[in-house]
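**Q** First, the structure itself, so that you have it in front of you.
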Amino acid sequence: MGRLGGAARLVWRAAPPQLLGYLANTVLAAGLPVLLAWLLKGVLDTLAGPGPHHDLAWPAAALALAGLVTALSPHAGEYLGTELDRRVSLHAQNELFTAVERFSGLSRFEDPVFHDRLRLAQRTTTSPSRIVDAVCGVGRGALTLIGFLGSLALISLPFTAVLLVAAVPMLVVELRLARRRAALQWTLGPTERWEQFYSDLLSNPYAAKEVRLFGLAGFLRGRMNAEQRIANRALRQLDRREFWVRALLSVLSASLSAAGLVWAIRMAGRGQVTVGDVSMFVAAVAGVQVALNGLVGSISSTGYELSMFGHYMEVLHAESDLPSPERPLALPPLRHGIELRDVWFRYSDQHPWVLRGVNLFIPSGRSTALVGHNGAGKSTLVKLLCRFYDPTRGAILWDGVDLREVPVDELRERMSAVFQDFMNYDFSAADNIAVGDLGAVGDQERLETAARWAGVHGTLTALPAGYATLLTRMFLSESERQEPGAGVMLSGGQWQRLALARAFLRTDRDVMILDEPSAGLDAEAEHDVHDRLRKLRDGATSLLISHRLGAVRDADLIAVLSDGVVAELGDHAELLGAGGLYARLFTLQASGYQAEGSAFQVQGET
Ligand SMILES: Nc1ncnc2c1ncn2[C@@H]1O[C@H](COP(=O)(O)OP(=O)(O)OP(=O)(O)O)[C@@H](O)[C@H]1O
């Protein structure tokens, strides 16, 4: 009932006039067949009586009018139903993604169960209008049924009772089938996700290189087909079961009608009922059966749609993945620094520990660097700083205030970041930068300043439409595709610079996080970017992660993450002197630049 109420409220919020129109049409459609049958009986009985038949003009006109409205009503219903669908779908989709926006962390997006639920919830955004449709179908069926049952009962009460009793197993069976179908949709979730994954890989331009070079297409297609076969097998089983059950029920209902018809004809032959009664009987039996079938179908599809709508409601009412503080504290501007106090973290209870008691103070106004082997947990630490997850144990304190005590949006407003796995948006170059701060949309001066900082301004101005050039060819219309230079693909390093420009839009923020900001850049560009970053980080609070140790050596503080803890801490000279992991890695990297007998040395190293 809760889901039914939820669906009804949603439809009412989305399209009140369309809903009222649809309901009115439903009532009309329900009453018309009964009215038609009675009018026809009246006309036939009058005709069968002694003539002349001057009093037939009005019933005939009413019959014609009822016939006309009967003919128009389904079209009106279809139009109103489709319009209702459209409006409800838009409204429901908007509500769904507003709810998804509430999940401020990342864990839900990494949870397959959540993905299955979201996929079904997206698919059921038209469910509310279908539920209304099905409930209307129930109402319409019930009204028609009552009308015809009343009419049939006047002719044969026992036959009416038999028809009604025969409907009970039909209803039970249909409800069970509906429940099975809804359950199957849920069970097939992982299969459908795999299938989607393979089909995306086969058409994704970013995957196309490897798929072609390694000859993966046939392999992926085979796996995709295998998943589809698994789903088809399960669906086919259910379809077969539905077919046999429904065939059996149809035979039952057809036999009943035939028996009734034989009985009515014999009665008329004996002169015990009129011709009009026979016509009424035939119309009523057909009407009752159609109405009963419709009613049972509507009840079962209401059940199915309500089960599916449950996924939508679950997403809508799911708790946020990050608990929000009951009495949030204001986040002060960072004065002293951010402290990680005995931070332990693992992605879930089933995952191993990534951080095992990290203690680190990131001082305000200073540059800190974080280094360590692949998989040491550097990016994880960054994600904790942005509060994409909460520490499993321990706390992160912003000038002594626990990050869990402040509104997460406020925290993120204070940060600027370039992530290791930054996004390439299929937008224009200008919008690709502006997403770093939506306040900069259309502010060409700000965008250009950020692009200059990232050293990408020249590249962007040289594009066919400058900053307005679309950085994709995926969304161009047929005519746009013909234009030379419409939709340009950037190189990896150029994308990296755009990601940097995005972060540079936020230089006024309290903390700047740079996770491998120069990974895709050529040597000159890397040198240039780090030069700029050095200037930018001077006097600002920043955290730089880089495997290029030459780039982190200027940091005021370098932390080495190893085995889930900060194993070494100090500036470049101190860490080199300590002769630990940092010294080993630095020396190893530096040796790569020192060709034997070459005059080239890593800057500052002798
Ligand atoms: N979303 C996730 N779910 C589960 N495990 C994860 C997730 N992200 C990372 N990990 C695991 O956490 C560990 C630390 O990963 P992280 O990305 O933080 O390392 P890193 O130090 O940044 O590595 P790299 O230098 O290669 O970028 C790895 O073992 C990784 O497999």
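Residue numbering restarts at 1 in every chain; chains get A, B, ... in the order shown in the structure tokens, and ligands count up from 1 in that same order.
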Throw together the list of residues within 6 Å of ligand 1, counting only C-alpha atoms and all ligand atoms, and drop it here as a list of chain:residue names.
**A** A:Tyr347, A:Val354, A:His373, A:Asn374, A:Gly375, A:Ala376, A:Gly377, A:Lys378, A:Ser379, A:Thr380
**Q** Write to file, as a PDB file, in the first residue's frame, the residues of the selection just made, with C-alpha atoms.
**A**
ATOM      1  CA  TYR A 347      37.118  -0.348   1.457  1.00  0.00           C
ATOM      2  CA  VAL A 354      44.868  -0.108   3.054  1.00  0.00           C
ATOM      3  CA  HIS A 373      54.949   2.358  -4.035  1.00  0.00           C
ATOM      4  CA  ASN A 374      52.005   1.527  -6.301  1.00  0.00           C
ATOM      5  CA  GLY A 375      49.068   0.498  -4.165  1.00  0.00           C
ATOM      6  CA  ALA A 376      50.529   2.043  -1.005  1.00  0.00           C
ATOM      7  CA  GLY A 377      47.282   3.952  -0.441  1.00  0.00           C
ATOM      8  CA  LYS A 378      48.155   7.487  -1.591  1.00  0.00           C
ATOM      9  CA  SER A 379      45.007   8.019  -3.694  1.00  0.00           C
ATOM     10  CA  THR A 380      42.979   6.379  -0.951  1.00  0.00           C
TER      11      THR A 380
END
**Q** For the strand (DSSP E or B) assignment from backbone DSSP, which residues of region 532-594 of chain A qualify? Please present them as a ChimeraX atom specification.
**A** /A:541-545,557-562,565-570
**Q** List the spatial neighbours of region 486-492 of chain A as a PDB file with N, CA and C atoms, in the first residue's frame - criterion: any atom at most 12 Å away, only C-alpha atoms, same-chain residues fewer than 4 positions off excluded.
**A**
ATOM      1  N   PRO A 205      34.837   4.124 -28.103  1.00  0.00           N
ATOM      2  CA  PRO A 205      36.010   4.545 -28.885  1.00  0.00           C
ATOM      3  C   PRO A 205      37.307   4.425 -28.098  1.00  0.00           C
ATOM      4  N   TYR A 206      37.244   4.546 -26.766  1.00  0.00           N
ATOM      5  CA  TYR A 206      38.474   4.468 -25.970  1.00  0.00           C
ATOM      6  C   TYR A 206      38.990   3.023 -25.903  1.00  0.00           C
ATOM      7  N   ASP A 421      42.784   9.821 -11.907  1.00  0.00           N
ATOM      8  CA  ASP A 421      41.888   9.358 -12.974  1.00  0.00           C
ATOM      9  C   ASP A 421      40.863  10.456 -13.274  1.00  0.00           C
ATOM     10  N   PHE A 422      41.384  11.603 -13.732  1.00  0.00           N
ATOM     11  CA  PHE A 422      40.507  12.750 -13.999  1.00  0.00           C
ATOM     12  C   PHE A 422      39.588  12.443 -15.176  1.00  0.00           C
ATOM     13  N   MET A 423      38.550  13.266 -15.316  1.00  0.00           N
ATOM     14  CA  MET A 423      37.546  13.020 -16.363  1.00  0.00           C
ATOM     15  C   MET A 423      37.858  13.820 -17.633  1.00  0.00           C
ATOM     16  N   ASN A 424      37.558  13.208 -18.771  1.00  0.00           N
ATOM     17  CA  ASN A 424      37.529  13.947 -20.048  1.00  0.00           C
ATOM     18  C   ASN A 424      36.054  14.075 -20.423  1.00  0.00           C
ATOM     19  N   TYR A 425      35.535  15.282 -20.391  1.00  0.00           N
ATOM     20  CA  TYR A 425      34.102  15.445 -20.688  1.00  0.00           C
ATOM     21  C   TYR A 425      33.895  15.693 -22.180  1.00  0.00           C
ATOM     22  N   ASP A 426      32.836  15.124 -22.714  1.00  0.00           N
ATOM     23  CA  ASP A 426      32.496  15.367 -24.123  1.00  0.00           C
ATOM     24  C   ASP A 426      31.805  16.718 -24.254  1.00  0.00           C
ATOM     25  N   PHE A 427      32.483  17.766 -23.762  1.00  0.00           N
ATOM     26  CA  PHE A 427      31.949  19.136 -23.811  1.00  0.00           C
ATOM     27  C   PHE A 427      32.882  19.964 -24.695  1.00  0.00           C
ATOM     28  N   SER A 428      32.591  21.273 -24.757  1.00  0.00           N
ATOM     29  CA  SER A 428      33.524  22.175 -25.420  1.00  0.00           C
ATOM     30  C   SER A 428      34.748  22.336 -24.523  1.00  0.00           C
ATOM     31  N   ALA A 429      35.834  22.899 -25.091  1.00  0.00           N
ATOM     32  CA  ALA A 429      37.048  23.112 -24.292  1.00  0.00           C
ATOM     33  C   ALA A 429      36.735  24.033 -23.118  1.00  0.00           C
ATOM     34  N   ASN A 432      34.898  22.249 -20.490  1.00  0.00           N
ATOM     35  CA  ASN A 432      35.759  21.270 -19.842  1.00  0.00           C
ATOM     36  C   ASN A 432      36.567  21.911 -18.716  1.00  0.00           C
ATOM     37  N   VAL A 456      47.861  25.569 -21.460  1.00  0.00           N
ATOM     38  CA  VAL A 456      47.098  24.959 -22.550  1.00  0.00           C
ATOM     39  C   VAL A 456      46.345  26.018 -23.368  1.00  0.00           C
ATOM     40  N   THR A 459      47.126  25.993 -27.109  1.00  0.00           N
ATOM     41  CA  THR A 459      46.498  24.839 -27.786  1.00  0.00           C
ATOM     42  C   THR A 459      45.024  25.129 -28.047  1.00  0.00           C
ATOM     43  N   LEU A 460      44.354  25.699 -27.059  1.00  0.00           N
ATOM     44  CA  LEU A 460      42.905  25.910 -27.188  1.00  0.00           C
ATOM     45  C   LEU A 460      42.574  27.013 -28.190  1.00  0.00           C
ATOM     46  N   ALA A 462      44.224  27.694 -30.736  1.00  0.00           N
ATOM     47  CA  ALA A 462      44.513  27.200 -32.096  1.00  0.00           C
ATOM     48  C   ALA A 462      43.452  26.222 -32.603  1.00  0.00           C
ATOM     49  N   LEU A 463      42.507  25.844 -31.752  1.00  0.00           N
ATOM     50  CA  LEU A 463      41.456  24.914 -32.191  1.00  0.00           C
ATOM     51  C   LEU A 463      40.525  25.624 -33.178  1.00  0.00           C
ATOM     52  N   PRO A 464      39.825  24.883 -34.043  1.00  0.00           N
ATOM     53  CA  PRO A 464      39.007  25.518 -35.102  1.00  0.00           C
ATOM     54  C   PRO A 464      38.037  26.562 -34.570  1.00  0.00           C
ATOM     55  N   ALA A 465      37.372  26.283 -33.465  1.00  0.00           N
ATOM     56  CA  ALA A 465      36.461  27.287 -32.905  1.00  0.00           C
ATOM     57  C   ALA A 465      36.965  27.762 -31.557  1.00  0.00           C
ATOM     58  N   GLY A 466      38.294  27.742 -31.387  1.00  0.00           N
ATOM     59  CA  GLY A 466      38.892  28.202 -30.131  1.00  0.00           C
ATOM     60  C   GLY A 466      38.324  27.444 -28.944  1.00  0.00           C
ATOM     61  N   TYR A 467      38.030  28.186 -27.868  1.00  0.00           N
ATOM     62  CA  TYR A 467      37.533  27.559 -26.639  1.00  0.00           C
ATOM     63  C   TYR A 467      36.165  26.913 -26.838  1.00  0.00           C
ATOM     64  N   ALA A 468      35.457  27.352 -27.903  1.00  0.00           N
ATOM     65  CA  ALA A 468      34.106  26.806 -28.118  1.00  0.00           C
ATOM     66  C   ALA A 468      34.142  25.458 -28.832  1.00  0.00           C
ATOM     67  N   THR A 469      35.333  25.012 -29.225  1.00  0.00           N
ATOM     68  CA  THR A 469      35.424  23.740 -29.972  1.00  0.00           C
ATOM     69  C   THR A 469      34.989  22.573 -29.098  1.00  0.00           C
ATOM     70  N   LEU A 470      34.170  21.739 -29.687  1.00  0.00           N
ATOM     71  CA  LEU A 470      33.708  20.547 -28.981  1.00  0.00           C
ATOM     72  C   LEU A 470      34.832  19.512 -28.966  1.00  0.00           C
ATOM     73  N   LEU A 471      35.121  18.959 -27.771  1.00  0.00           N
ATOM     74  CA  LEU A 471      36.241  18.022 -27.677  1.00  0.00           C
ATOM     75  C   LEU A 471      35.763  16.573 -27.791  1.00  0.00           C
ATOM     76  N   THR A 472      34.914  16.340 -28.748  1.00  0.00           N
ATOM     77  CA  THR A 472      34.413  14.989 -29.015  1.00  0.00           C
ATOM     78  C   THR A 472      33.811  14.993 -30.411  1.00  0.00           C
ATOM     79  N   ARG A 473      33.711  13.815 -31.006  1.00  0.00           N
ATOM     80  CA  ARG A 473      32.988  13.758 -32.277  1.00  0.00           C
ATOM     81  C   ARG A 473      31.719  12.927 -32.110  1.00  0.00           C
ATOM     82  N   MET A 474      31.452  12.553 -30.857  1.00  0.00           N
ATOM     83  CA  MET A 474      30.346  11.640 -30.602  1.00  0.00           C
ATOM     84  C   MET A 474      28.967  12.302 -30.723  1.00  0.00           C
ATOM     85  N   PHE A 475      28.893  13.594 -30.495  1.00  0.00           N
ATOM     86  CA  PHE A 475      27.576  14.219 -30.417  1.00  0.00           C
ATOM     87  C   PHE A 475      27.317  15.220 -31.539  1.00  0.00           C
ATOM     88  N   LEU A 476      28.086  15.094 -32.612  1.00  0.00           N
ATOM     89  CA  LEU A 476      27.892  16.028 -33.721  1.00  0.00           C
ATOM     90  C   LEU A 476      26.738  15.561 -34.601  1.00  0.00           C
ATOM     91  N   SER A 477      25.997  16.560 -35.130  1.00  0.00           N
ATOM     92  CA  SER A 477      24.925  16.191 -36.056  1.00  0.00           C
ATOM     93  C   SER A 477      25.557  15.854 -37.411  1.00  0.00           C
ATOM     94  N   GLU A 478      24.749  15.322 -38.325  1.00  0.00           N
ATOM     95  CA  GLU A 478      25.239  14.922 -39.641  1.00  0.00           C
ATOM     96  C   GLU A 478      25.927  16.099 -40.337  1.00  0.00           C
ATOM     97  N   SER A 479      25.283  17.291 -40.301  1.00  0.00           N
ATOM     98  CA  SER A 479      25.856  18.449 -41.004  1.00  0.00           C
ATOM     99  C   SER A 479      27.114  18.944 -40.299  1.00  0.00           C
ATOM    100  N   GLU A 480      27.105  18.899 -38.942  1.00  0.00           N
ATOM    101  CA  GLU A 480      28.288  19.360 -38.204  1.00  0.00           C
ATOM    102  C   GLU A 480      29.495  18.488 -38.507  1.00  0.00           C
ATOM    103  N   ARG A 481      29.235  17.200 -38.729  1.00  0.00           N
ATOM    104  CA  ARG A 481      30.351  16.278 -38.978  1.00  0.00           C
ATOM    105  C   ARG A 481      31.110  16.618 -40.253  1.00  0.00           C
ATOM    106  N   GLN A 482      30.392  17.276 -41.187  1.00  0.00           N
ATOM    107  CA  GLN A 482      31.036  17.607 -42.460  1.00  0.00           C
ATOM    108  C   GLN A 482      31.978  18.805 -42.320  1.00  0.00           C
ATOM    109  N   GLN A 496      45.330  16.286 -19.866  1.00  0.00           N
ATOM    110  CA  GLN A 496      45.869  16.439 -18.515  1.00  0.00           C
ATOM    111  C   GLN A 496      45.967  17.922 -18.149  1.00  0.00           C
ATOM    112  N   ARG A 497      46.388  18.719 -19.103  1.00  0.00           N
ATOM    113  CA  ARG A 497      46.497  20.158 -18.842  1.00  0.00           C
ATOM    114  C   ARG A 497      45.118  20.777 -18.605  1.00  0.00           C
ATOM    115  N   LEU A 498      44.113  20.276 -19.332  1.00  0.00           N
ATOM    116  CA  LEU A 498      42.756  20.789 -19.111  1.00  0.00           C
ATOM    117  C   LEU A 498      42.299  20.473 -17.682  1.00  0.00           C
ATOM    118  N   ALA A 499      42.652  19.255 -17.237  1.00  0.00           N
ATOM    119  CA  ALA A 499      42.279  18.880 -15.865  1.00  0.00           C
ATOM    120  C   ALA A 499      42.965  19.806 -14.863  1.00  0.00           C
ATOM    121  N   SER A 518      51.153  15.393 -13.434  1.00  0.00           N
ATOM    122  CA  SER A 518      51.942  15.535 -14.661  1.00  0.00           C
ATOM    123  C   SER A 518      52.228  14.197 -15.312  1.00  0.00           C
ATOM    124  N   ALA A 519      51.439  13.175 -14.953  1.00  0.00           N
ATOM    125  CA  ALA A 519      51.755  11.823 -15.416  1.00  0.00           C
ATOM    126  C   ALA A 519      51.803  11.700 -16.936  1.00  0.00           C
ATOM    127  N   GLY A 520      50.937  12.440 -17.638  1.00  0.00           N
ATOM    128  CA  GLY A 520      50.878  12.252 -19.093  1.00  0.00           C
ATOM    129  C   GLY A 520      51.663  13.308 -19.868  1.00  0.00           C
ATOM    130  N   LEU A 521      52.478  14.099 -19.176  1.00  0.00           N
ATOM    131  CA  LEU A 521      53.134  15.224 -19.875  1.00  0.00           C
ATOM    132  C   LEU A 521      54.533  14.860 -20.369  1.00  0.00           C
ATOM    133  N   ASP A 522      54.937  15.522 -21.458  1.00  0.00           N
ATOM    134  CA  ASP A 522      56.306  15.300 -21.924  1.00  0.00           C
ATOM    135  C   ASP A 522      57.267  16.009 -20.971  1.00  0.00           C
TER     136      ASP A 522
END
**Q** Run DSSP on the backbone and give me the residues of region 256-398 of chain A it puts in alpha helix (DSSP H), as a VMD selection string.
**A** chain A and resid 256 to 269 275 to 317 378 to 385
**Q** Write out as a list in words which residues come within 9 Å of region 329-337 of chain A when counting only C-alpha atoms, dropping same-chain ones fewer than 5 positions away.
**A** Phe361, Ile362, Pro363, Ser364, Gly365, Leu397, Trp398, Asp399, Gly400, Val401, Leu403, Glu405, Val406, Pro407, Glu410, Leu411, Arg414, Asp510, Val511 and Thr541 of chain A
**Q** Please write the residues from the selection above to a file, keeping N, CA and C atoms, as a PDB file, in the first residue's frame.
**A**
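This is the output file out-v9.pdb:
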ATOM      1  N   PHE A 361      50.393  15.245   9.706  1.00  0.00           N
ATOM      2  CA  PHE A 361      49.879  16.602   9.821  1.00  0.00           C
ATOM      3  C   PHE A 361      50.239  17.348   8.538  1.00  0.00           C
ATOM      4  N   ILE A 362      49.206  17.831   7.841  1.00  0.00           N
ATOM      5  CA  ILE A 362      49.429  18.594   6.600  1.00  0.00           C
ATOM      6  C   ILE A 362      49.317  20.066   6.989  1.00  0.00           C
ATOM      7  N   PRO A 363      50.460  20.746   7.105  1.00  0.00           N
ATOM      8  CA  PRO A 363      50.410  22.099   7.667  1.00  0.00           C
ATOM      9  C   PRO A 363      49.808  23.107   6.684  1.00  0.00           C
ATOM     10  N   SER A 364      49.109  24.054   7.243  1.00  0.00           N
ATOM     11  CA  SER A 364      48.502  25.109   6.418  1.00  0.00           C
ATOM     12  C   SER A 364      49.608  26.005   5.841  1.00  0.00           C
ATOM     13  N   GLY A 365      49.418  26.440   4.619  1.00  0.00           N
ATOM     14  CA  GLY A 365      50.357  27.370   3.986  1.00  0.00           C
ATOM     15  C   GLY A 365      51.656  26.716   3.557  1.00  0.00           C
ATOM     16  N   LEU A 397      41.133  15.634  11.049  1.00  0.00           N
ATOM     17  CA  LEU A 397      40.736  16.872  11.726  1.00  0.00           C
ATOM     18  C   LEU A 397      41.194  18.085  10.930  1.00  0.00           C
ATOM     19  N   TRP A 398      40.271  18.981  10.719  1.00  0.00           N
ATOM     20  CA  TRP A 398      40.547  20.239  10.000  1.00  0.00           C
ATOM     21  C   TRP A 398      40.640  21.317  11.070  1.00  0.00           C
ATOM     22  N   ASP A 399      41.810  21.774  11.351  1.00  0.00           N
ATOM     23  CA  ASP A 399      42.014  22.681  12.490  1.00  0.00           C
ATOM     24  C   ASP A 399      41.313  22.135  13.734  1.00  0.00           C
ATOM     25  N   GLY A 400      41.420  20.869  13.938  1.00  0.00           N
ATOM     26  CA  GLY A 400      40.840  20.242  15.131  1.00  0.00           C
ATOM     27  C   GLY A 400      39.389  19.810  14.977  1.00  0.00           C
ATOM     28  N   VAL A 401      38.729  20.199  13.869  1.00  0.00           N
ATOM     29  CA  VAL A 401      37.323  19.819  13.681  1.00  0.00           C
ATOM     30  C   VAL A 401      37.264  18.537  12.845  1.00  0.00           C
ATOM     31  N   LEU A 403      36.191  15.956  10.238  1.00  0.00           N
ATOM     32  CA  LEU A 403      35.511  16.164   8.941  1.00  0.00           C
ATOM     33  C   LEU A 403      34.080  15.631   8.966  1.00  0.00           C
ATOM     34  N   GLU A 405      32.001  16.123  11.163  1.00  0.00           N
ATOM     35  CA  GLU A 405      31.124  17.071  11.867  1.00  0.00           C
ATOM     36  C   GLU A 405      30.728  18.259  11.006  1.00  0.00           C
ATOM     37  N   VAL A 406      31.269  18.334   9.795  1.00  0.00           N
ATOM     38  CA  VAL A 406      30.968  19.505   8.952  1.00  0.00           C
ATOM     39  C   VAL A 406      30.205  19.052   7.708  1.00  0.00           C
ATOM     40  N   PRO A 407      29.397  19.963   7.129  1.00  0.00           N
ATOM     41  CA  PRO A 407      28.680  19.565   5.906  1.00  0.00           C
ATOM     42  C   PRO A 407      29.678  19.249   4.801  1.00  0.00           C
ATOM     43  N   GLU A 410      30.378  21.786   2.086  1.00  0.00           N
ATOM     44  CA  GLU A 410      31.200  22.919   2.501  1.00  0.00           C
ATOM     45  C   GLU A 410      32.686  22.539   2.450  1.00  0.00           C
ATOM     46  N   LEU A 411      32.965  21.305   2.872  1.00  0.00           N
ATOM     47  CA  LEU A 411      34.351  20.826   2.858  1.00  0.00           C
ATOM     48  C   LEU A 411      34.886  20.834   1.421  1.00  0.00           C
ATOM     49  N   ARG A 414      35.925  23.945  -0.256  1.00  0.00           N
ATOM     50  CA  ARG A 414      37.203  24.515   0.163  1.00  0.00           C
ATOM     51  C   ARG A 414      38.393  23.856  -0.509  1.00  0.00           C
ATOM     52  N   ASP A 510      41.118  26.514   0.116  1.00  0.00           N
ATOM     53  CA  ASP A 510      42.040  26.342   1.242  1.00  0.00           C
ATOM     54  C   ASP A 510      43.110  25.288   0.994  1.00  0.00           C
ATOM     55  N   VAL A 511      42.729  24.242   0.243  1.00  0.00           N
ATOM     56  CA  VAL A 511      43.683  23.139   0.038  1.00  0.00           C
ATOM     57  C   VAL A 511      43.691  22.741  -1.428  1.00  0.00           C
ATOM     58  N   THR A 541      48.318  25.822   0.962  1.00  0.00           N
ATOM     59  CA  THR A 541      48.314  24.461   1.495  1.00  0.00           C
ATOM     60  C   THR A 541      48.103  23.497   0.336  1.00  0.00           C
TER      61      THR A 541
END
**Q** Applying 8 Å and only C-alpha atoms, which residues near Leu581 (chain A) remain after dropping the ones on its own chain fewer than 2 positions away? List them as JSON, numbers by chain.
**A** {"A": [560, 568, 579, 583, 584, 585]}
**Q** Please provide as JSON, numbers by chain all residues within 9 Å of Arg87 (chain A), with the sequence filter that same-chain residues fewer than 5 positions apart are discarded (counting only C-alpha atoms).
**A** {"A": [11, 14, 15, 82, 92, 126]}
**Q** Output C-alpha atoms of each residue in that selection to a file, as an mmCIF file, in the first residue's frame.
**A**
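So result-v2.cif came out as:
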data_model
loop_
_atom_site.group_PDB
_atom_site.id
_atom_site.type_symbol
_atom_site.label_atom_id
_atom_site.label_comp_id
_atom_site.auth_asym_id
_atom_site.auth_seq_id
_atom_site.Cartn_x
_atom_site.Cartn_y
_atom_site.Cartn_z
ATOM 1 C CA VAL A 11 1.719 10.880 -10.665
ATOM 2 C CA ALA A 14 3.833 15.208 -12.136
ATOM 3 C CA ALA A 15 0.643 15.719 -14.158
ATOM 4 C CA THR A 82 1.151 8.484 -23.202
ATOM 5 C CA ALA A 92 10.441 10.427 -11.650
ATOM 6 C CA THR A 126 7.265 5.068 -15.988
#
**Q** I'd like the contact shell of Ala417 (chain A) - 12 Å cut-off, only C-alpha atoms, skipping same-chain residues fewer than 4 positions apart - returned as an MDAnalysis selection string.
**A** chainID A and resid 379 382:383 385:386 412:413 421:423 436:437 499:507 509:517 541:545
**Q** Just C-alpha atoms for this one: save the residues we selected as a tab-separated table (two decimals), in the first residue's frame.
**A**
chain	number	residue	atom	x	y	z
A	379	SER	CA	45.01	8.02	-3.69
A	382	VAL	CA	43.27	11.72	-0.92
A	383	LYS	CA	39.77	10.24	-1.16
A	385	LEU	CA	40.63	13.93	2.70
A	386	CYS	CA	37.80	14.78	0.28
A	412	ARG	CA	34.57	20.18	-0.88
A	413	GLU	CA	33.95	23.84	-1.65
A	421	ASP	CA	41.89	9.36	-12.97
A	422	PHE	CA	40.51	12.75	-14.00
A	423	MET	CA	37.55	13.02	-16.36
A	436	GLY	CA	35.99	23.02	-12.10
A	437	ASP	CA	33.87	25.91	-10.88
A	499	ALA	CA	42.28	18.88	-15.87
A	500	LEU	CA	44.93	21.10	-14.32
A	501	ALA	CA	43.20	24.23	-15.64
A	502	ARG	CA	40.02	22.97	-13.97
A	503	ALA	CA	41.84	22.85	-10.66
A	504	PHE	CA	43.45	26.24	-11.26
A	505	LEU	CA	39.98	27.80	-11.39
A	506	ARG	CA	39.92	27.06	-7.69
A	507	THR	CA	43.20	28.57	-6.58
A	509	ARG	CA	40.47	27.38	-2.06
A	510	ASP	CA	42.04	26.34	1.24
A	511	VAL	CA	43.68	23.14	0.04
A	512	MET	CA	44.98	22.03	-3.32
A	513	ILE	CA	45.36	18.31	-3.97
A	514	LEU	CA	47.40	17.16	-6.96
A	515	ASP	CA	47.41	13.41	-7.53
A	516	GLU	CA	49.93	12.68	-10.28
A	517	PRO	CA	49.22	15.99	-12.06
A	541	THR	CA	48.31	24.46	1.49
A	542	SER	CA	48.90	21.70	-0.98
A	543	LEU	CA	49.30	17.97	-1.15
A	544	LEU	CA	51.20	16.62	-4.14
A	545	ILE	CA	51.40	12.97	-5.05
**Q** Which residue gives the smallest distance to Val138 (chain A) among A:Val435, A:Arg117, A:Leu23, A:His457, with only C-alpha atoms counted?
**A**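 Counting only C-alpha atoms, the residue closest to Val138 (chain A) is A:Leu23.
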**Q** By how many Å are CA of Phe281 (chain A) and CA of Ser257 (chain A) apart?
**A**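 So the two atoms, CA of Phe281 (chain A) and CA of Ser257 (chain A), lie 10.2 Å apart.
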**Q** Pick the closest to Arg387 (chain A) from A:Ala57, A:Val371, A:Met415, A:Leu154: which is it, counting only C-alpha atoms?
**A** A:Met415
**Q** Which one is closest to Tyr582 (chain A): A:Leu40, A:Leu569, A:Leu256, A:Val251? Count only C-alpha atoms.
**A**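 Checking each of A:Leu40, A:Leu569, A:Leu256, A:Val251 against Tyr582 (chain A), counting only C-alpha atoms, the winner is A:Leu569.
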